[in-house]
$ cat entry_2.tsv   # TSV, C-alpha atoms
chain	number	residue	atom	x	y	z
A	1	MET	CA	-69.03	-18.56	-170.98
A	2	GLU	CA	-70.55	-15.49	-169.34
A	3	TYR	CA	-67.90	-15.45	-166.60
A	4	VAL	CA	-65.04	-15.99	-169.07
A	5	ALA	CA	-66.27	-12.97	-171.07
A	6	ARG	CA	-66.57	-10.95	-167.85
A	7	PHE	CA	-63.00	-11.89	-166.86
A	8	PHE	CA	-61.39	-10.87	-170.16
A	9	ILE	CA	-63.46	-7.73	-170.78
A	10	GLY	CA	-63.02	-6.60	-167.15
A	11	GLY	CA	-59.28	-7.33	-167.25
A	12	ILE	CA	-58.76	-5.39	-170.48
A	13	VAL	CA	-60.79	-2.32	-169.45
A	14	VAL	CA	-59.15	-2.16	-166.01
A	15	SER	CA	-55.68	-2.53	-167.59
A	16	VAL	CA	-56.32	0.33	-170.02
A	17	PHE	CA	-57.31	2.70	-167.20
A	18	ALA	CA	-54.43	1.46	-165.00
A	19	PHE	CA	-52.02	2.21	-167.87
A	20	LEU	CA	-53.45	5.74	-168.15
A	21	GLY	CA	-53.09	6.14	-164.38
A	22	GLU	CA	-49.45	5.11	-164.71
A	23	ILE	CA	-48.49	7.74	-167.29
A	24	LEU	CA	-50.56	10.73	-166.15
A	25	ARG	CA	-49.09	13.32	-163.79
A	26	PRO	CA	-49.63	14.78	-161.18
A	27	LYS	CA	-50.24	11.69	-159.04
A	28	SER	CA	-53.45	13.02	-157.47
A	29	PHE	CA	-54.95	13.39	-160.98
A	30	ALA	CA	-53.85	9.86	-161.88
A	31	GLY	CA	-55.53	8.78	-158.64
A	32	LEU	CA	-58.89	9.79	-160.15
A	33	LEU	CA	-58.50	6.68	-162.26
A	34	GLY	CA	-58.42	4.61	-159.05
A	35	ALA	CA	-62.15	5.32	-158.91
A	36	VAL	CA	-62.79	5.00	-162.63
A	37	PRO	CA	-66.05	3.13	-163.35
A	38	SER	CA	-64.25	0.41	-165.34
A	39	VAL	CA	-65.81	-2.51	-163.45
A	40	ALA	CA	-69.17	-0.71	-163.45
A	41	LEU	CA	-69.05	-0.10	-167.21
A	42	CYS	CA	-68.31	-3.76	-167.96
A	43	THR	CA	-70.74	-5.16	-165.41
A	44	LEU	CA	-73.64	-2.88	-166.33
A	45	ALA	CA	-73.12	-3.56	-170.06
A	46	LEU	CA	-72.94	-7.33	-169.55
A	47	THR	CA	-75.86	-7.31	-167.11
A	48	THR	CA	-77.92	-5.43	-169.70
A	49	ILE	CA	-77.05	-8.05	-172.34
A	50	TRP	CA	-77.62	-11.15	-170.17
A	51	GLN	CA	-80.11	-10.11	-167.48
A	52	GLY	CA	-81.88	-7.10	-168.96
A	53	ALA	CA	-81.99	-3.33	-168.57
A	54	GLU	CA	-84.17	-3.34	-165.45
A	55	GLU	CA	-81.58	-5.33	-163.48
A	56	ALA	CA	-78.82	-2.93	-164.61
A	57	LYS	CA	-80.95	-0.01	-163.41
A	58	VAL	CA	-81.35	-1.58	-159.93
A	59	GLN	CA	-77.58	-2.21	-159.80
A	60	SER	CA	-76.82	1.40	-160.72
A	61	PHE	CA	-79.03	2.65	-157.87
A	62	SER	CA	-77.22	0.46	-155.31
A	63	MET	CA	-73.92	1.59	-156.78
A	64	ILE	CA	-74.61	5.08	-155.38
A	65	TRP	CA	-74.31	3.63	-151.83
A	66	GLY	CA	-71.15	1.77	-152.84
A	67	ALA	CA	-69.65	5.00	-154.18
A	68	ILE	CA	-70.45	6.88	-150.94
A	69	ALA	CA	-68.70	4.09	-149.02
A	70	LEU	CA	-65.77	4.36	-151.44
A	71	LEU	CA	-65.46	8.09	-150.72
A	72	VAL	CA	-65.29	7.44	-146.95
A	73	TYR	CA	-62.82	4.57	-147.50
A	74	CYS	CA	-60.50	6.73	-149.66
A	75	VAL	CA	-60.53	9.62	-147.17
A	76	PHE	CA	-59.80	7.13	-144.36
A	77	VAL	CA	-56.83	5.64	-146.29
A	78	PHE	CA	-55.51	9.09	-147.26
A	79	VAL	CA	-55.62	10.49	-143.70
A	80	ILE	CA	-54.06	7.43	-142.04
A	81	LEU	CA	-51.32	7.03	-144.66
A	82	TRP	CA	-50.47	10.73	-144.51
A	83	LYS	CA	-50.34	10.95	-140.70
A	84	PHE	CA	-49.07	7.56	-139.54
A	85	LYS	CA	-46.21	5.25	-140.49
A	86	ILE	CA	-48.29	2.37	-141.70
A	87	ASN	CA	-47.88	-0.01	-144.61
A	88	ALA	CA	-50.21	0.77	-147.59
A	89	LEU	CA	-51.02	-2.90	-148.26
A	90	LEU	CA	-52.06	-3.54	-144.66
A	91	LEU	CA	-54.10	-0.35	-144.41
A	92	THR	CA	-55.92	-0.66	-147.74
A	93	PHE	CA	-56.98	-4.25	-146.90
A	94	ALA	CA	-57.91	-3.50	-143.29
A	95	GLY	CA	-59.89	-0.49	-144.52
A	96	LEU	CA	-62.13	-2.75	-146.63
A	97	GLY	CA	-64.04	-3.33	-143.38
A	98	VAL	CA	-64.93	0.39	-143.38
A	99	TRP	CA	-66.20	0.11	-146.97
A	100	LEU	CA	-68.28	-3.00	-146.20
A	101	ALA	CA	-69.82	-1.47	-143.06
A	102	ILE	CA	-70.83	1.75	-144.78
A	103	ALA	CA	-72.03	0.19	-148.05
A	104	PHE	CA	-74.18	-2.43	-146.29
A	105	GLY	CA	-75.29	0.14	-143.70
A	106	PHE	CA	-76.70	2.38	-146.46
A	107	HIS	CA	-78.12	-0.64	-148.27
A	108	MET	CA	-80.00	-1.79	-145.16
A	109	LEU	CA	-81.12	1.77	-144.41
A	110	SER	CA	-82.55	2.16	-147.92
A	111	GLY	CA	-84.37	-1.15	-147.48
A	112	VAL	CA	-85.89	0.04	-144.18
A	113	MET	CA	-86.95	3.36	-145.74
A	114	GLU	CA	-88.71	1.53	-148.59
B	1	MET	CA	-51.12	22.82	-162.79
B	2	ILE	CA	-51.44	21.20	-166.19
B	3	VAL	CA	-51.96	17.47	-166.48
B	4	THR	CA	-49.03	15.88	-168.31
B	5	ILE	CA	-48.05	12.49	-169.69
B	6	SER	CA	-44.91	10.93	-168.20
B	7	ALA	CA	-43.83	8.00	-170.36
B	8	SER	CA	-40.65	7.64	-168.26
B	9	SER	CA	-42.73	6.22	-165.40
B	10	LEU	CA	-43.35	3.17	-167.59
B	11	LYS	CA	-39.66	2.26	-167.28
B	12	ASN	CA	-40.17	1.64	-163.54
B	13	GLY	CA	-43.16	-0.62	-164.15
B	14	ARG	CA	-42.75	-4.40	-164.32
B	15	TRP	CA	-44.76	-6.70	-166.56
B	16	THR	CA	-45.89	-8.64	-163.48
B	17	ASP	CA	-47.62	-5.46	-162.21
B	18	TYR	CA	-49.58	-5.14	-165.48
B	19	LEU	CA	-50.47	-8.81	-165.41
B	20	ALA	CA	-51.60	-8.49	-161.77
B	21	ARG	CA	-53.89	-5.58	-162.71
B	22	PHE	CA	-55.35	-7.51	-165.64
B	23	VAL	CA	-56.06	-10.57	-163.48
B	24	LEU	CA	-57.40	-8.48	-160.60
B	25	GLY	CA	-59.65	-6.47	-162.95
B	26	GLY	CA	-60.97	-9.72	-164.41
B	27	ILE	CA	-61.57	-11.27	-160.99
B	28	VAL	CA	-63.35	-8.17	-159.63
B	29	THR	CA	-65.62	-8.03	-162.71
B	30	VAL	CA	-66.43	-11.76	-162.40
B	31	LEU	CA	-67.09	-11.35	-158.65
B	32	ALA	CA	-69.36	-8.33	-159.21
B	33	GLY	CA	-71.39	-10.38	-161.70
B	34	TRP	CA	-71.45	-13.46	-159.46
B	35	ILE	CA	-72.54	-11.49	-156.37
B	36	GLY	CA	-75.29	-9.85	-158.48
B	37	SER	CA	-76.64	-13.21	-159.65
B	38	LYS	CA	-76.28	-14.91	-156.25
B	39	PHE	CA	-77.54	-12.17	-153.88
B	40	GLY	CA	-79.58	-9.98	-156.24
B	41	PRO	CA	-78.84	-6.76	-158.15
B	42	GLU	CA	-79.24	-4.57	-155.03
B	43	VAL	CA	-76.23	-6.21	-153.35
B	44	GLY	CA	-74.38	-6.69	-156.65
B	45	GLY	CA	-74.67	-2.97	-157.37
B	46	LEU	CA	-72.80	-2.09	-154.17
B	47	PHE	CA	-69.77	-4.01	-155.45
B	48	LEU	CA	-69.55	-1.89	-158.61
B	49	ALA	CA	-67.76	0.61	-156.36
B	50	PHE	CA	-65.69	-1.94	-154.42
B	51	PRO	CA	-62.17	-0.57	-153.81
B	52	ALA	CA	-60.19	-3.72	-154.76
B	53	LEU	CA	-58.39	-1.94	-157.60
B	54	LEU	CA	-57.44	0.92	-155.31
B	55	CYS	CA	-55.87	-1.55	-152.87
B	56	ALA	CA	-53.72	-2.87	-155.70
B	57	SER	CA	-52.78	0.50	-157.16
B	58	ALA	CA	-51.89	2.12	-153.80
B	59	THR	CA	-49.73	-0.86	-152.89
B	60	MET	CA	-47.96	-0.91	-156.28
B	61	ILE	CA	-47.40	2.85	-156.20
B	62	GLU	CA	-45.84	2.60	-152.71
B	63	LYS	CA	-43.57	-0.26	-153.82
B	64	ASP	CA	-42.55	1.52	-157.05
B	65	GLU	CA	-41.70	4.72	-155.20
B	66	ILE	CA	-39.62	2.83	-152.58
B	67	ARG	CA	-37.80	0.93	-155.35
B	68	ARG	CA	-37.11	4.15	-157.26
B	69	LYS	CA	-35.80	5.98	-154.17
B	70	ARG	CA	-33.60	3.01	-153.17
B	71	LYS	CA	-31.96	3.12	-156.59
B	72	LEU	CA	-31.10	6.74	-155.83
B	73	GLY	CA	-29.63	5.73	-152.48
B	74	SER	CA	-32.33	6.79	-150.02
B	75	GLY	CA	-34.89	4.76	-148.05
B	76	GLY	CA	-38.01	6.07	-149.74
B	77	ARG	CA	-40.55	4.64	-147.25
B	78	ARG	CA	-42.03	8.05	-146.44
B	79	ARG	CA	-42.19	9.03	-150.11
B	80	GLY	CA	-43.80	5.71	-150.91
B	81	ARG	CA	-46.50	6.25	-148.29
B	82	GLU	CA	-47.10	9.82	-149.47
B	83	ALA	CA	-47.43	8.70	-153.10
B	84	ALA	CA	-49.97	6.03	-152.07
B	85	ALA	CA	-51.82	8.61	-149.93
B	86	LEU	CA	-52.04	11.01	-152.89
B	87	ASP	CA	-53.39	8.19	-155.03
B	88	ALA	CA	-56.09	7.61	-152.39
B	89	ALA	CA	-56.88	11.35	-152.32
B	90	GLY	CA	-57.33	11.31	-156.09
B	91	ALA	CA	-59.57	8.25	-155.80
B	92	ALA	CA	-61.67	10.07	-153.15
B	93	LEU	CA	-62.28	12.84	-155.69
B	94	GLY	CA	-62.94	10.20	-158.36
B	95	SER	CA	-65.52	8.56	-156.10
B	96	LEU	CA	-67.60	11.76	-156.33
B	97	GLY	CA	-67.56	11.15	-160.06
B	98	LEU	CA	-68.54	7.54	-159.46
B	99	MET	CA	-71.62	8.71	-157.53
B	100	ALA	CA	-72.52	10.97	-160.46
B	101	PHE	CA	-71.96	8.04	-162.87
B	102	ALA	CA	-74.35	5.78	-160.93
B	103	PHE	CA	-77.00	8.49	-160.46
B	104	VAL	CA	-77.00	9.59	-164.12
B	105	PHE	CA	-77.07	5.97	-165.33
B	106	TYR	CA	-80.04	5.29	-163.05
B	107	LEU	CA	-81.93	8.34	-164.36
B	108	ALA	CA	-81.17	7.74	-168.04
B	109	SER	CA	-81.31	3.92	-168.04
B	110	PRO	CA	-84.46	3.42	-170.12
B	111	ASN	CA	-82.31	4.65	-173.01
B	112	LEU	CA	-79.16	2.52	-172.63
B	113	PRO	CA	-76.75	4.06	-175.18
B	114	LEU	CA	-77.59	7.47	-173.73
B	115	ALA	CA	-77.26	6.13	-170.17
B	116	PHE	CA	-73.72	4.79	-170.78
B	117	ALA	CA	-72.54	7.93	-172.61
B	118	ALA	CA	-74.12	10.41	-170.18
B	119	ALA	CA	-72.95	8.46	-167.11
B	120	PHE	CA	-69.35	8.28	-168.32
B	121	LEU	CA	-69.31	11.96	-169.27
B	122	SER	CA	-70.73	12.89	-165.87
B	123	TRP	CA	-67.99	10.82	-164.19
B	124	MET	CA	-65.34	12.74	-166.14
B	125	LEU	CA	-66.93	16.13	-165.55
B	126	VAL	CA	-67.49	15.70	-161.78
B	127	SER	CA	-64.10	14.02	-161.16
B	128	ILE	CA	-62.07	16.60	-163.06
B	129	THR	CA	-64.03	19.51	-161.53
B	130	ALA	CA	-63.51	18.06	-158.03
B	131	TRP	CA	-59.78	17.56	-158.69
B	132	TRP	CA	-59.37	21.08	-160.11
B	133	SER	CA	-61.24	22.62	-157.14
B	134	TRP	CA	-59.14	20.63	-154.67
B	135	ARG	CA	-55.89	21.81	-156.28
B	136	HIS	CA	-57.16	25.39	-156.33
B	137	LEU	CA	-58.20	25.26	-152.64
B	138	ARG	CA	-54.83	23.79	-151.58
B	139	LYS	CA	-53.00	26.68	-153.24
B	140	THR	CA	-55.08	29.40	-151.52
$ encode --input "entry_2.tsv" --output "structure tokens"
Amino acid sequence: MEYVARFFIGGIVVSVFAFLGEILRPKSFAGLLGAVPSVALCTLALTTIWQGAEEAKVQSFSMIWGAIALLVYCVFVFVILWKFKINALLLTFAGLGVWLAIAFGFHMLSGVME
Amino acid sequence: MIVTISASSLKNGRWTDYLARFVLGGIVTVLAGWIGSKFGPEVGGLFLAFPALLCASATMIEKDEIRRKRKLGSGGRRRGREAAALDAAGAALGSLGLMAFAFVFYLASPNLPLAFAAAFLSWMLVSITAWWSWRHLRKT
């Protein structure tokens, strides 16, 4: 039941922001909605309801590392797409390795520092 | 430059694209929850900023732009790539807002209604300020 609720709520919230991204111009402004916290809003709200506020707080702290990795990933995709003749689908999927490496790198580093 | 609404861009969209976004949004939210419960909230939290939706939007934007340009009689591959690149640039600025969202939520989280409202407002404020500054710097 929990996962069904997550699926529909996540799908609806993401669709609303995607629709806004579709109609807003210029494109770079609409791109802001590519990093809208739609999944975060749903997940943190549902985590608070089902697992408690403390767990949501821990998730939000880790999310900072994920967001730093997202920044690096987006800059990587922007630079490569702008400079080289490469397919967006291929690049955005291959670039997920960059996101994973940086996000887990920061996560492990924060664990070592603790 | 003023932000405008372009309803005409909806004519280029296909219902399968909207359905794909709905399904992908649902799957990413389910996965974020599943990873959190399986590997703990520290790992789950990382995936709240996972770029799956950006992969989908950049790809769809590239395809839409190519389709639109082909209707007008030109190839459109370069324009498609540039449109996807600009989407990624916007998302890079938005990711600064995402950092602010996570940080403010973490600070305000004992009071949850306040945490959600303050975090979302901080996302908007930081993202729009970053976008405005970027546009301003590009002009000068």
$ interface_residues --input "entry_2.tsv" --of "chain B" --to "chain A" --cutoff "6 Å" --atoms "only C-alpha atoms" --output "PyMOL selection string"
chain B and resi 3-7+22-23+25-26+29-30+41-42+45-46+48-49+54-55+59+85-92+94-95+98-99+102+106
$ closest_residue --input "entry_2.tsv" --among "B:Arg21, B:Arg68, B:Arg79, B:Arg135" --to "Leu53 in chain B" --atoms "all atoms listed in the file"
B:Arg21
$ atom_distance --input "entry_2.tsv" --atom1 "CA of Phe47 in chain B" --atom2 "CA of Ser110 in chain A"
16.1 Å
$ atom_distance --input "entry_2.tsv" --atom1 "CA of Asn111 in chain B" --atom2 "CA of Ile49 in chain A"
13.8 Å
$ residues_around --input "entry_2.tsv" --residues "Asp17 in chain B" --least-positions-apart "6" --cutoff "10 Å" --atoms "all atoms listed in the file" --output "ChimeraX atom specification"
/B:23,56-57,60
$ write_last_selection --input "entry_2.tsv" --atoms "C-alpha atoms" --output "mmCIF file, keeping the file's coordinate frame"
data_model
loop_
_atom_site.group_PDB
_atom_site.id
_atom_site.type_symbol
_atom_site.label_atom_id
_atom_site.label_comp_id
_atom_site.auth_asym_id
_atom_site.auth_seq_id
_atom_site.Cartn_x
_atom_site.Cartn_y
_atom_site.Cartn_z
ATOM 1 C CA VAL B 23 -56.060 -10.570 -163.480
ATOM 2 C CA ALA B 56 -53.720 -2.870 -155.700
ATOM 3 C CA SER B 57 -52.780 0.500 -157.160
ATOM 4 C CA MET B 60 -47.960 -0.910 -156.280
#
$ decode --input "entry_2.tsv" --residues "range 48-68 of chain A" --atoms "N, CA and C atoms" --output "tab-separated table (two decimals), in the first residue's frame"
chain	number	residue	atom	x	y	z
A	48	THR	N	8.01	10.90	6.71
A	48	THR	CA	7.57	11.48	7.99
A	48	THR	C	6.33	10.74	8.49
A	49	ILE	N	5.40	10.45	7.57
A	49	ILE	CA	4.14	9.79	7.98
A	49	ILE	C	4.43	8.35	8.42
A	50	TRP	N	5.23	7.61	7.64
A	50	TRP	CA	5.38	6.17	7.89
A	50	TRP	C	6.57	5.81	8.78
A	51	GLN	N	7.66	6.58	8.66
A	51	GLN	CA	8.85	6.20	9.45
A	51	GLN	C	9.21	7.20	10.55
A	52	GLY	N	8.63	8.38	10.50
A	52	GLY	CA	8.89	9.36	11.56
A	52	GLY	C	9.78	10.51	11.12
A	53	ALA	N	9.70	11.60	11.89
A	53	ALA	CA	10.39	12.85	11.52
A	53	ALA	C	11.91	12.72	11.58
A	54	GLU	N	12.40	11.89	12.51
A	54	GLU	CA	13.86	11.78	12.67
A	54	GLU	C	14.50	11.18	11.41
A	55	GLU	N	13.81	10.18	10.84
A	55	GLU	CA	14.32	9.54	9.62
A	55	GLU	C	14.32	10.53	8.44
A	56	ALA	N	13.26	11.35	8.37
A	56	ALA	CA	13.20	12.37	7.31
A	56	ALA	C	14.33	13.37	7.46
A	57	LYS	N	14.67	13.69	8.70
A	57	LYS	CA	15.76	14.64	8.95
A	57	LYS	C	17.11	14.07	8.47
A	58	VAL	N	17.34	12.79	8.76
A	58	VAL	CA	18.59	12.14	8.31
A	58	VAL	C	18.63	12.12	6.78
A	59	GLN	N	17.49	11.82	6.15
A	59	GLN	CA	17.44	11.80	4.68
A	59	GLN	C	17.76	13.18	4.11
A	60	SER	N	17.21	14.22	4.73
A	60	SER	CA	17.43	15.57	4.20
A	60	SER	C	18.90	15.96	4.29
A	61	PHE	N	19.60	15.48	5.34
A	61	PHE	CA	21.03	15.79	5.45
A	61	PHE	C	21.81	15.11	4.32
A	62	SER	N	21.52	13.84	4.06
A	62	SER	CA	22.20	13.12	2.97
A	62	SER	C	21.88	13.73	1.61
A	63	MET	N	20.68	14.29	1.52
A	63	MET	CA	20.25	14.88	0.25
A	63	MET	C	21.17	16.02	-0.18
A	64	ILE	N	21.80	16.67	0.81
A	64	ILE	CA	22.74	17.77	0.46
A	64	ILE	C	23.87	17.21	-0.42
A	65	TRP	N	24.40	16.02	-0.06
A	65	TRP	CA	25.47	15.41	-0.87
A	65	TRP	C	24.94	15.05	-2.26
A	66	GLY	N	23.71	14.52	-2.29
A	66	GLY	CA	23.10	14.17	-3.57
A	66	GLY	C	22.94	15.38	-4.46
A	67	ALA	N	22.59	16.52	-3.86
A	67	ALA	CA	22.38	17.75	-4.63
A	67	ALA	C	23.71	18.30	-5.16
A	68	ILE	N	24.79	18.15	-4.37
A	68	ILE	CA	26.11	18.58	-4.85
A	68	ILE	C	26.50	17.72	-6.07
